[in-house]
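Peer 1: entry.txt is the file, holding compact mmCIF, N, CA and C atoms:
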```
# COMPACT_ATOMS: atom_id res chain seq x y z
N MET B 1250 75.78 61.71 41.82
CA MET B 1250 76.75 62.28 42.72
C MET B 1250 78.04 61.53 42.62
N GLY B 1251 78.64 60.70 42.55
CA GLY B 1251 79.90 60.07 42.82
C GLY B 1251 81.04 60.43 41.90
N ARG B 1252 80.76 61.02 40.74
CA ARG B 1252 81.85 61.33 39.80
C ARG B 1252 82.21 62.80 39.88
N PRO B 1253 83.51 63.11 39.83
CA PRO B 1253 83.93 64.51 39.87
C PRO B 1253 83.49 65.26 38.61
N ASN B 1254 82.98 66.47 38.79
CA ASN B 1254 82.60 67.31 37.67
C ASN B 1254 83.74 68.24 37.26
N TYR B 1255 84.74 68.37 38.10
CA TYR B 1255 85.86 69.27 37.84
C TYR B 1255 87.14 68.46 37.80
N GLN B 1256 88.16 69.03 37.18
CA GLN B 1256 89.43 68.34 37.05
C GLN B 1256 90.54 69.17 37.68
N ILE B 1257 91.68 68.55 37.88
CA ILE B 1257 92.83 69.22 38.46
C ILE B 1257 93.22 70.40 37.57
N GLY B 1258 93.42 71.55 38.19
CA GLY B 1258 93.79 72.75 37.46
C GLY B 1258 92.63 73.68 37.18
N ASP B 1259 91.39 73.23 37.38
CA ASP B 1259 90.22 74.08 37.14
C ASP B 1259 90.16 75.20 38.17
N MET B 1260 89.74 76.39 37.72
CA MET B 1260 89.45 77.49 38.63
C MET B 1260 87.98 77.41 38.97
N ILE B 1261 87.66 77.43 40.26
CA ILE B 1261 86.27 77.36 40.71
C ILE B 1261 85.98 78.51 41.66
N VAL B 1262 84.71 78.73 41.94
CA VAL B 1262 84.27 79.77 42.86
C VAL B 1262 83.52 79.08 44.00
N LEU B 1263 83.91 79.40 45.23
CA LEU B 1263 83.24 78.80 46.39
C LEU B 1263 82.00 79.60 46.76
N LYS B 1264 81.06 78.95 47.42
CA LYS B 1264 79.86 79.63 47.89
C LYS B 1264 80.21 80.63 48.98
N SER B 1265 79.34 81.56 49.23
CA SER B 1265 79.54 82.55 50.28
C SER B 1265 79.62 81.89 51.65
N GLY B 1266 80.41 82.46 52.52
CA GLY B 1266 80.51 81.97 53.88
C GLY B 1266 81.60 80.94 54.11
N LEU B 1267 82.30 80.50 53.08
CA LEU B 1267 83.36 79.51 53.26
C LEU B 1267 84.73 80.14 53.41
N THR B 1268 84.82 81.45 53.16
CA THR B 1268 86.09 82.15 53.36
C THR B 1268 85.95 83.03 54.60
N ARG B 1269 87.06 83.53 55.11
CA ARG B 1269 87.03 84.26 56.37
C ARG B 1269 86.23 85.56 56.31
N THR B 1270 86.39 86.32 55.25
CA THR B 1270 85.69 87.58 55.17
C THR B 1270 84.79 87.59 53.94
N ALA B 1271 83.79 88.44 53.97
CA ALA B 1271 82.85 88.52 52.85
C ALA B 1271 83.52 89.09 51.61
N LYS B 1272 84.55 89.93 51.79
CA LYS B 1272 85.23 90.56 50.65
C LYS B 1272 86.37 89.70 50.11
N ALA B 1273 86.65 88.58 50.73
CA ALA B 1273 87.75 87.72 50.30
C ALA B 1273 87.47 87.13 48.92
N ASP B 1274 88.54 86.89 48.18
CA ASP B 1274 88.41 86.28 46.86
C ASP B 1274 87.94 84.84 47.03
N LYS B 1275 86.89 84.47 46.33
CA LYS B 1275 86.32 83.13 46.46
C LYS B 1275 86.79 82.19 45.37
N ARG B 1276 87.65 82.68 44.47
CA ARG B 1276 88.15 81.86 43.37
C ARG B 1276 89.38 81.09 43.84
N CYS B 1277 89.41 79.80 43.52
CA CYS B 1277 90.55 78.96 43.89
C CYS B 1277 90.77 77.92 42.80
N ARG B 1278 91.91 77.25 42.86
CA ARG B 1278 92.28 76.26 41.86
C ARG B 1278 92.26 74.87 42.51
N ILE B 1279 91.74 73.89 41.77
CA ILE B 1279 91.70 72.51 42.27
C ILE B 1279 93.10 71.92 42.17
N ALA B 1280 93.64 71.48 43.32
CA ALA B 1280 94.97 70.89 43.37
C ALA B 1280 94.92 69.38 43.21
N SER B 1281 93.89 68.74 43.74
CA SER B 1281 93.76 67.29 43.60
C SER B 1281 92.32 66.88 43.89
N ILE B 1282 92.00 65.67 43.45
CA ILE B 1282 90.68 65.09 43.69
C ILE B 1282 90.86 64.01 44.74
N LEU B 1283 90.09 64.09 45.81
CA LEU B 1283 90.19 63.15 46.92
C LEU B 1283 89.17 62.03 46.77
N PRO B 1284 89.36 60.93 47.50
CA PRO B 1284 88.37 59.85 47.46
C PRO B 1284 87.01 60.33 47.97
N ASN B 1285 85.96 59.71 47.49
CA ASN B 1285 84.60 60.07 47.90
C ASN B 1285 84.39 59.83 49.38
N ASP B 1286 83.58 60.69 49.99
CA ASP B 1286 83.22 60.55 51.40
C ASP B 1286 81.71 60.35 51.46
N HIS B 1287 81.27 59.11 51.58
CA HIS B 1287 79.84 58.77 51.65
C HIS B 1287 79.09 59.29 50.43
N GLY B 1288 79.70 59.17 49.25
CA GLY B 1288 79.05 59.57 48.02
C GLY B 1288 79.25 61.01 47.60
N HIS B 1289 79.97 61.80 48.41
CA HIS B 1289 80.22 63.20 48.10
C HIS B 1289 81.64 63.35 47.55
N VAL B 1290 81.76 63.97 46.37
CA VAL B 1290 83.06 64.19 45.77
C VAL B 1290 83.80 65.26 46.58
N GLN B 1291 85.08 65.02 46.86
CA GLN B 1291 85.90 65.95 47.63
C GLN B 1291 87.06 66.44 46.77
N TYR B 1292 87.45 67.69 47.01
CA TYR B 1292 88.57 68.28 46.29
C TYR B 1292 89.52 68.93 47.29
N ARG B 1293 90.78 69.04 46.89
CA ARG B 1293 91.75 69.83 47.62
C ARG B 1293 91.99 71.07 46.77
N VAL B 1294 91.74 72.26 47.33
CA VAL B 1294 91.85 73.50 46.58
C VAL B 1294 92.84 74.45 47.25
N GLN B 1295 93.34 75.39 46.46
CA GLN B 1295 94.28 76.38 47.00
C GLN B 1295 93.97 77.75 46.39
N PHE B 1296 93.89 78.75 47.27
CA PHE B 1296 93.73 80.13 46.83
C PHE B 1296 95.10 80.67 46.45
N ASP B 1297 95.14 81.65 45.54
CA ASP B 1297 96.41 82.22 45.10
C ASP B 1297 97.15 82.92 46.24
N ALA B 1298 96.42 83.53 47.17
CA ALA B 1298 97.04 84.29 48.26
C ALA B 1298 97.43 83.42 49.46
N GLU B 1299 97.19 82.12 49.41
CA GLU B 1299 97.48 81.24 50.53
C GLU B 1299 98.55 80.23 50.15
N ASN B 1300 99.29 79.75 51.15
CA ASN B 1300 100.33 78.76 50.90
C ASN B 1300 99.94 77.38 51.44
N PHE B 1301 98.67 77.16 51.65
CA PHE B 1301 98.17 75.86 52.11
C PHE B 1301 96.93 75.49 51.31
N GLU B 1302 96.52 74.24 51.41
CA GLU B 1302 95.36 73.75 50.68
C GLU B 1302 94.21 73.48 51.64
N ARG B 1303 93.00 73.57 51.12
CA ARG B 1303 91.79 73.30 51.89
C ARG B 1303 91.06 72.11 51.28
N ARG B 1304 90.31 71.39 52.10
CA ARG B 1304 89.48 70.29 51.62
C ARG B 1304 88.05 70.80 51.54
N ILE B 1305 87.43 70.61 50.38
CA ILE B 1305 86.04 71.01 50.20
C ILE B 1305 85.28 69.85 49.56
N THR B 1306 83.97 69.92 49.60
CA THR B 1306 83.14 68.95 48.88
C THR B 1306 82.51 69.66 47.69
N GLU B 1307 81.93 68.89 46.81
CA GLU B 1307 81.30 69.47 45.62
C GLU B 1307 80.14 70.40 46.00
N ALA B 1308 79.52 70.18 47.15
CA ALA B 1308 78.42 71.03 47.59
C ALA B 1308 78.89 72.43 47.95
N ASP B 1309 80.19 72.62 48.22
CA ASP B 1309 80.74 73.93 48.57
C ASP B 1309 81.01 74.81 47.35
N ILE B 1310 80.89 74.26 46.16
CA ILE B 1310 81.22 74.99 44.93
C ILE B 1310 79.98 75.70 44.40
N ASP B 1311 80.14 76.96 44.04
CA ASP B 1311 79.06 77.74 43.44
C ASP B 1311 79.01 77.37 41.96
N THR B 1312 78.08 76.49 41.59
CA THR B 1312 78.04 75.97 40.23
C THR B 1312 77.61 77.03 39.21
N GLY B 1313 76.90 78.07 39.65
CA GLY B 1313 76.49 79.13 38.74
C GLY B 1313 77.67 79.99 38.30
N GLU B 1314 78.68 80.12 39.16
CA GLU B 1314 79.84 80.95 38.87
C GLU B 1314 81.00 80.15 38.28
N SER B 1315 81.05 78.86 38.53
CA SER B 1315 82.18 78.03 38.11
C SER B 1315 81.87 77.30 36.81
N PRO B 1316 82.86 77.18 35.92
CA PRO B 1316 82.64 76.37 34.72
C PRO B 1316 82.49 74.90 35.10
N SER B 1317 81.73 74.13 34.33
CA SER B 1317 81.45 72.75 34.70
C SER B 1317 82.49 71.76 34.21
N ARG B 1318 83.31 72.14 33.26
CA ARG B 1318 84.33 71.23 32.71
C ARG B 1318 85.66 71.95 32.61
N ALA B 1319 86.74 71.17 32.68
CA ALA B 1319 88.09 71.72 32.54
C ALA B 1319 88.37 72.03 31.08
N PHE B 1320 89.11 73.07 30.86
CA PHE B 1320 89.57 73.38 29.52
C PHE B 1320 90.79 72.52 29.23
N PRO B 1321 91.00 72.08 28.01
CA PRO B 1321 92.15 71.22 27.70
C PRO B 1321 93.48 71.86 28.09
N GLU B 1322 93.58 73.19 28.01
CA GLU B 1322 94.84 73.87 28.38
C GLU B 1322 95.13 73.67 29.87
N ALA B 1323 94.10 73.72 30.71
CA ALA B 1323 94.30 73.57 32.15
C ALA B 1323 94.77 72.16 32.49
N VAL B 1324 94.24 71.17 31.79
CA VAL B 1324 94.64 69.79 32.03
C VAL B 1324 96.08 69.59 31.56
N ALA B 1325 96.44 70.20 30.43
CA ALA B 1325 97.80 70.07 29.92
C ALA B 1325 98.80 70.72 30.87
N LYS B 1326 98.42 71.84 31.49
CA LYS B 1326 99.32 72.51 32.43
C LYS B 1326 99.54 71.68 33.68
N SER B 1327 98.56 70.88 34.07
CA SER B 1327 98.71 70.07 35.28
C SER B 1327 99.65 68.90 35.07
N GLY B 1328 100.09 68.69 33.83
CA GLY B 1328 101.07 67.64 33.55
C GLY B 1328 100.47 66.25 33.62
N GLY B 1329 99.19 66.12 33.39
CA GLY B 1329 98.56 64.81 33.45
C GLY B 1329 98.60 64.24 34.86
N ALA B 1330 98.44 65.11 35.85
CA ALA B 1330 98.51 64.69 37.25
C ALA B 1330 97.48 63.61 37.53
N GLU B 1331 97.86 62.71 38.40
CA GLU B 1331 96.99 61.60 38.77
C GLU B 1331 96.50 61.80 40.19
N PRO B 1332 95.48 61.08 40.60
CA PRO B 1332 95.02 61.17 41.99
C PRO B 1332 96.15 60.82 42.96
N TRP B 1333 96.12 61.36 44.13
CA TRP B 1333 97.21 61.18 45.09
C TRP B 1333 97.22 59.78 45.68
N LEU B 1334 96.12 59.07 45.62
CA LEU B 1334 96.05 57.72 46.18
C LEU B 1334 95.77 56.73 45.07
N LYS B 1335 96.67 55.77 44.91
CA LYS B 1335 96.48 54.73 43.90
C LYS B 1335 96.23 53.41 44.63
N PHE B 1336 95.03 52.92 44.50
CA PHE B 1336 94.68 51.68 45.19
C PHE B 1336 95.49 50.48 44.69
N SER B 1337 95.92 50.52 43.46
CA SER B 1337 96.68 49.41 42.91
C SER B 1337 98.10 49.34 43.49
N SER B 1338 98.58 50.44 44.08
CA SER B 1338 99.94 50.44 44.62
C SER B 1338 99.98 50.09 46.12
N ILE B 1339 98.85 49.86 46.74
CA ILE B 1339 98.81 49.52 48.16
C ILE B 1339 99.20 48.05 48.32
N ARG B 1340 100.17 47.82 49.19
CA ARG B 1340 100.61 46.44 49.45
C ARG B 1340 100.17 46.03 50.83
N LYS B 1341 99.79 44.79 50.93
CA LYS B 1341 99.30 44.25 52.18
C LYS B 1341 100.30 43.21 52.67
N GLY B 1342 100.76 43.39 53.90
CA GLY B 1342 101.71 42.44 54.47
C GLY B 1342 101.09 41.09 54.77
N LYS B 1343 101.92 40.08 54.78
CA LYS B 1343 101.43 38.73 55.03
C LYS B 1343 101.49 38.39 56.49
```
What is this structure when it is put down as structure tokens?

Peer 2:
Amino acid sequence: MGRPNYQIGDMIVLKSGLTRTAKADKRCRIASILPNDHGHVQYRVQFDAENFERRITEADIDTGESPSRAFPEAVAKSGGAEPWLKFSSIRKGK
């Protein structure tokens, strides 16, 4: 469990019941990878029809419908994006 199986820019499919309506599109794009929460990988995703992002865990992803690895084109389009939190850049006051 601790390593992300998906990368920024991947299109994934969420499991049923996580969107408002049953007919809603369940496909979304991974915007960023969040720090682990008690061993569960977390992602920030965005649907095409929405202007905000949602936080999901890897357990919310329908692995049968979603590809397991990013395509090189998707990673290239993301511009080599890095995680939003860099532990090496945190400064501690004296």

Peer 1: B:Tyr1255, B:Val1262, B:Lys1275, B:Gly1313: which is nearest B:Tyr1292, counting only C-alpha atoms?

Peer 2: B:Tyr1255

Peer 1: Just to confirm, what's the straight-line distance from atom CA of B:Thr1312 to atom CA of B:Lys1335 in Å (one decimal)?

Peer 2: 28.4 Å

Peer 1: Compile the contact shell of stretch 1277-1285 of chain B as a PyMOL selection string: residues with an atom at most 5 Å away, counting all atoms listed in the file, same-chain residues fewer than 5 positions apart removed.

Peer 2: chain B and resi 1257-1261+1290-1296

Peer 1: Quick one: pull the distance between atom C of B:Ser1338 and atom N of B:Asp1286, Å, one decimal.

Peer 2: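 According to the coordinates, atom C of B:Ser1338 and atom N of B:Asp1286 are separated by 19.9 Å.
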
Peer 1: Which of these residues is nearest to B:Gln1256, using only C-alpha atoms: B:Asp1297, B:Asp1274, B:Glu1302, B:Glu1307?

Peer 2: B:Glu1307

Peer 1: Take atom CA of B:Thr1306 and atom CA of B:Leu1334 and report the distance between them in Å, one decimal.

Peer 2: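 Between atom CA of B:Thr1306 and atom CA of B:Leu1334 the gap works out to 17.3 Å.
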